[in-house]
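Shown next, in structure tokens, is the structure this report addresses.
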Amino acid sequence: MTARGGASDCEALAGGMVNAGAVFRRGAVVDRPAPRNAQAIHTCLSALKEQGFEGAPTPVGPAADGREQLTFIPGEVALPPFPRWVLTAAALRSVGSLLRRLHEASAAVGVDASADWSLDLADPEGGTLLCHNDVCPENVVFRDGRAAALIDFDLAAPGRPLWDVAMTARYWVPMLDPASATVSYPDGLDAPARLRILADSYGLSSQDRAELPGVIEQATESCRAFVADRVAEGDPVYVQALTARGGWERWNRMQAWLVAHRETFTTTLLD
Ligand SMILES: Nc1ncnc2c1ncn2[C@@H]1O[C@H](COP(=O)(O)OP(=O)(O)O)[C@@H](O)[C@H]1O
Ligand SMILES: [Mg+2]
């Protein structure tokens with residue numbers, strides 16, 4: 001906990017990579033760097049709230065001076081190395097069902113496809129639903145061992161729901177080769193079984209299940225391209241993270257592992 005500006009109720013929130021050290025809590029409000037397209041995100045978050053969706057923060061006024069204020073969501077957020085409680089089957093199920101509720105609420109309010117969305121991790125095939133696109137453990141608030149809310153909508157964009165399920169699977173199964181997974185996740189997670197739990201709890205159709213392993217490969221490629229763009233720009237956060245995690249060799253390994261297990265994933269999903 002860090003006090004800033006002498007205010008004793010100001011607490012630095014740990015968790016993210018991009019805004020590390022720049023996210024603060026002041027009572028019921030989170031103060032963080034505003035994404036370039038904060039207005040589009042705020043409009044959508046407000047509409048979700050009006051629709052009755054409680055699983056996302058709500059903007060508190062407009063973004064100004066490069067900062068934004070959102071409601072603080074009480075609960076626990078797991079940080080790496082991830083503890084076992086956040087990787088139970090029940091926790092995973094709750095993530096799948098929360099993602100489904102986000103998509104249903106977003107379908108009910110509609111998403112303005114012409115608004116200024118981030119293209120960084122957006123579904124290349126587009127879509128009509130709001131995809132969060134960055135449902136990693138650090139962006140999910142838990143209460144009583146269950147996912148209560150998604151935070152950090154900076155990379156959200158319209159897309160296919162299946163795309164968001166694929167992105168979520170990458171982090172929550174996780175869809176990583178064992179050597180890559182062991183850096184942040186406990187040992188012994190059964191990837192095909194957990195992928196099936198995510199699909200079941202989301203309520204994925206048979207057709208989407210058949211497509212999911214391929215879309216996870218596509219999403220992984222998008223994530224790799226995103227990192228490659230940042231590294232090419234010389235962004236120190238991404239350059240350092242890439243090196244620390246094993247360079248492009250790790251991405252090659254993750255991608256080869258997905259291809260090698262594609263059949264197993266498909267069979268387990270459709271069994
Ligand atoms: N609205 C919120 N409610 C509760 N906790 C939050 C909220 N926003 C951020 N946090 C906490 O702060 C951490 C970093 O915030 P985040 O906006 O995700 O930063 P980054 O953009 O760097 O990922 C999160 O992992 C979470 O622990
Ligand atoms: Mg975050």
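Chains: A, B, ... in order of the structure tokens. Residues: from 1 per chain. Ligands: from 1, in order shown.
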
Surrounding residues of Phe72 of chain A excluding itself and chain neighbours under 6 positions, 7 Å, only C-alpha atoms, as number ranges by chain: A: 28-30, 57

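All residues, whether protein, DNA or RNA, that have an atom at most 8 Å from ligand 2 (counting only C-alpha atoms and all ligand atoms) are Gly15, Gly16, Met17, Val18, Asn19, Asp134, Cys136, Glu138, Asn139, Ile151 and Asp152 of chain A.
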
Dump C-alpha atoms for the selected residues as a PDB file, in the first residue's frame?
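Final output, saved to result.pdb:
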```pdb
ATOM      1  CA  GLY A  15      -2.023  -6.041 -10.724  1.00  0.00           C
ATOM      2  CA  GLY A  16      -1.551  -4.811 -14.238  1.00  0.00           C
ATOM      3  CA  MET A  17       1.482  -4.587 -16.475  1.00  0.00           C
ATOM      4  CA  VAL A  18       0.680  -1.597 -18.685  1.00  0.00           C
ATOM      5  CA  ASN A  19      -0.481   0.757 -15.910  1.00  0.00           C
ATOM      6  CA  ASP A 134      -8.271  -9.428 -21.748  1.00  0.00           C
ATOM      7  CA  CYS A 136      -6.792 -12.709 -17.321  1.00  0.00           C
ATOM      8  CA  GLU A 138      -5.547  -9.920 -12.781  1.00  0.00           C
ATOM      9  CA  ASN A 139      -8.689  -8.512 -14.441  1.00  0.00           C
ATOM     10  CA  ILE A 151     -12.274  -4.918 -14.723  1.00  0.00           C
ATOM     11  CA  ASP A 152      -9.907  -3.163 -17.152  1.00  0.00           C
TER      12      ASP A 152
END
```

Could you tell me how far atom CA of Ser205 of chain A lies from atom CA of Ser94 of chain A, in Å and to one decimal?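 It comes out at 18.0 Å.
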
Determine, counting only C-alpha atoms, which protein, DNA and RNA residues have an atom within 12 Å of an atom of Gly188 of chain A; residues of the same chain fewer than 4 positions away are not included. Present the result as number ranges by chain. A: 84, 87-88, 173-174, 177-179, 181-182, 192-194

Could you check the closest approach to ligand 1 for each of A:Ala63, A:Leu121, A:Cys44, A:Val135 and tell me which residue wins, using only C-alpha atoms and all ligand atoms? A:Val135

With distances taken over only C-alpha atoms, which residue among A:His42, A:Arg32, A:Lys49, A:Arg143 lies nearest Val86 of chain A?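 Closest to Val86 of chain A of all the choices is A:Arg143.
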
Among segment 48-220 of chain A, which residues does DSSP mark as strand (DSSP E or B) when it is run on the backbone? Keep the chain and numbering as in the structure and answer as a PyMOL selection string. chain A and resi 59+64+67-71+76+129-131+140-143+146-150+157-159

Of the candidates A:Ser97, A:Ser201, A:Thr71, A:Ser46, which shows the shortest atom-to-atom distance to ligand 1, using only C-alpha atoms and all ligand atoms?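 Going through A:Ser97, A:Ser201, A:Thr71, A:Ser46 one by one, the smallest distance to ligand 1 is for A:Thr71.
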
Of the residues A:Asp9, A:Asp31, A:Glu263, A:Asp65, which is the one nearest to ligand 1, using only C-alpha atoms and all ligand atoms? A:Asp31

What is the distance, in Å and to one decimal place, between atom CA of Phe265 of chain A and atom CA of Pro213 of chain A?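 Atom-to-atom, atom CA of Phe265 of chain A to atom CA of Pro213 of chain A, that is 6.5 Å.
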
For ligand 1, the nearest of the candidates A:Val141, A:Ala64, A:Ala115, A:Ala89, counting only C-alpha atoms and all ligand atoms: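 Closest residue, counting only C-alpha atoms and all ligand atoms: A:Val141.
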
Show which residues sit within 8 Å of segment 238-249 of chain A, as an MDAnalysis selection string. Count only C-alpha atoms, and ignore same-chain residues fewer than 5 positions away. chainID A and resid 227 230:231

Write to file, as a PDB file, in the first residue's frame, the residues of the selection just made, with N, CA and C atoms.
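Below is the file that was written, selection-v3.pdb:
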```pdb
ATOM      1  N   VAL A 227       2.246  -8.239 -29.129  1.00  0.00           N
ATOM      2  CA  VAL A 227       3.540  -8.121 -28.437  1.00  0.00           C
ATOM      3  C   VAL A 227       4.619  -7.690 -29.440  1.00  0.00           C
ATOM      4  N   ARG A 230       4.502  -3.996 -30.079  1.00  0.00           N
ATOM      5  CA  ARG A 230       5.027  -3.219 -28.951  1.00  0.00           C
ATOM      6  C   ARG A 230       6.561  -3.305 -28.894  1.00  0.00           C
ATOM      7  N   VAL A 231       7.072  -4.495 -29.121  1.00  0.00           N
ATOM      8  CA  VAL A 231       8.524  -4.689 -29.071  1.00  0.00           C
ATOM      9  C   VAL A 231       9.184  -3.908 -30.213  1.00  0.00           C
TER      10      VAL A 231
END
```

Using only C-alpha atoms, determine which residues lie at most 12 Å from Ile216 of chain A, disregarding the query and same-chain residues fewer than 4 positions distant; provide the list as an NGL selection string. :A and (123 or 162-171 or 173-176 or 195 or 208-212 or 220-223 or 254-255 or 257-259 or 261-262 or 265-266)

Residues from last step as file, C-alpha atoms, as a PDB file, in the first residue's frame:
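What follows is the written file part_2.pdb:
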```pdb
ATOM      1  CA  ASP A 123     -11.591 -10.082 -33.202  1.00  0.00           C
ATOM      2  CA  LEU A 162     -16.397 -17.185 -29.361  1.00  0.00           C
ATOM      3  CA  TRP A 163     -13.367 -14.893 -29.700  1.00  0.00           C
ATOM      4  CA  ASP A 164     -13.737 -13.745 -26.080  1.00  0.00           C
ATOM      5  CA  VAL A 165     -14.156 -17.352 -24.900  1.00  0.00           C
ATOM      6  CA  ALA A 166     -10.918 -18.202 -26.741  1.00  0.00           C
ATOM      7  CA  MET A 167      -9.075 -15.251 -25.173  1.00  0.00           C
ATOM      8  CA  THR A 168     -10.409 -16.209 -21.746  1.00  0.00           C
ATOM      9  CA  ALA A 169      -9.350 -19.836 -22.251  1.00  0.00           C
ATOM     10  CA  ARG A 170      -5.782 -18.711 -22.954  1.00  0.00           C
ATOM     11  CA  TYR A 171      -5.479 -17.311 -19.431  1.00  0.00           C
ATOM     12  CA  VAL A 173      -7.303 -22.952 -18.637  1.00  0.00           C
ATOM     13  CA  PRO A 174      -4.508 -21.848 -19.330  1.00  0.00           C
ATOM     14  CA  MET A 175      -3.904 -22.769 -22.986  1.00  0.00           C
ATOM     15  CA  LEU A 176      -0.144 -22.843 -22.481  1.00  0.00           C
ATOM     16  CA  LEU A 195     -11.349 -26.111 -21.460  1.00  0.00           C
ATOM     17  CA  ASP A 208     -18.692 -23.082 -31.459  1.00  0.00           C
ATOM     18  CA  ARG A 209     -17.081 -25.964 -29.553  1.00  0.00           C
ATOM     19  CA  ALA A 210     -15.905 -27.463 -32.831  1.00  0.00           C
ATOM     20  CA  GLU A 211     -14.369 -24.113 -33.789  1.00  0.00           C
ATOM     21  CA  LEU A 212     -12.910 -23.185 -30.398  1.00  0.00           C
ATOM     22  CA  THR A 220      -2.748 -16.637 -29.746  1.00  0.00           C
ATOM     23  CA  GLU A 221      -1.448 -15.358 -33.076  1.00  0.00           C
ATOM     24  CA  SER A 222      -3.150 -12.011 -32.421  1.00  0.00           C
ATOM     25  CA  CYS A 223      -1.573 -11.809 -28.966  1.00  0.00           C
ATOM     26  CA  MET A 254       2.949 -22.315 -27.098  1.00  0.00           C
ATOM     27  CA  GLN A 255       1.743 -22.333 -30.685  1.00  0.00           C
ATOM     28  CA  TRP A 257       1.589 -27.154 -28.294  1.00  0.00           C
ATOM     29  CA  LEU A 258      -1.839 -25.864 -29.369  1.00  0.00           C
ATOM     30  CA  VAL A 259      -1.508 -27.488 -32.781  1.00  0.00           C
ATOM     31  CA  HIS A 261      -3.232 -30.997 -28.943  1.00  0.00           C
ATOM     32  CA  ARG A 262      -5.934 -29.646 -31.269  1.00  0.00           C
ATOM     33  CA  PHE A 265      -9.212 -30.443 -27.262  1.00  0.00           C
ATOM     34  CA  THR A 266     -11.859 -30.924 -29.938  1.00  0.00           C
TER      35      THR A 266
END
```

Rank nothing, just name the residue among A:Glu54, A:Asp154, A:Glu68, A:Ala148 nearest to ligand 1, using only C-alpha atoms and all ligand atoms.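 Smallest separation from ligand 1 among the options: A:Asp154.
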
Please compute the atom CA of Pro35 of chain A-atom CA of His103 of chain A distance, one decimal, in Å. 21.7 Å

Using the chain letters and numbers from this document, which residues of segment 184-254 of chain A does DSSP assign to helix (DSSP H, G or I), as number ranges by chain? A: 191-202, 206-233, 236-244, 247-254
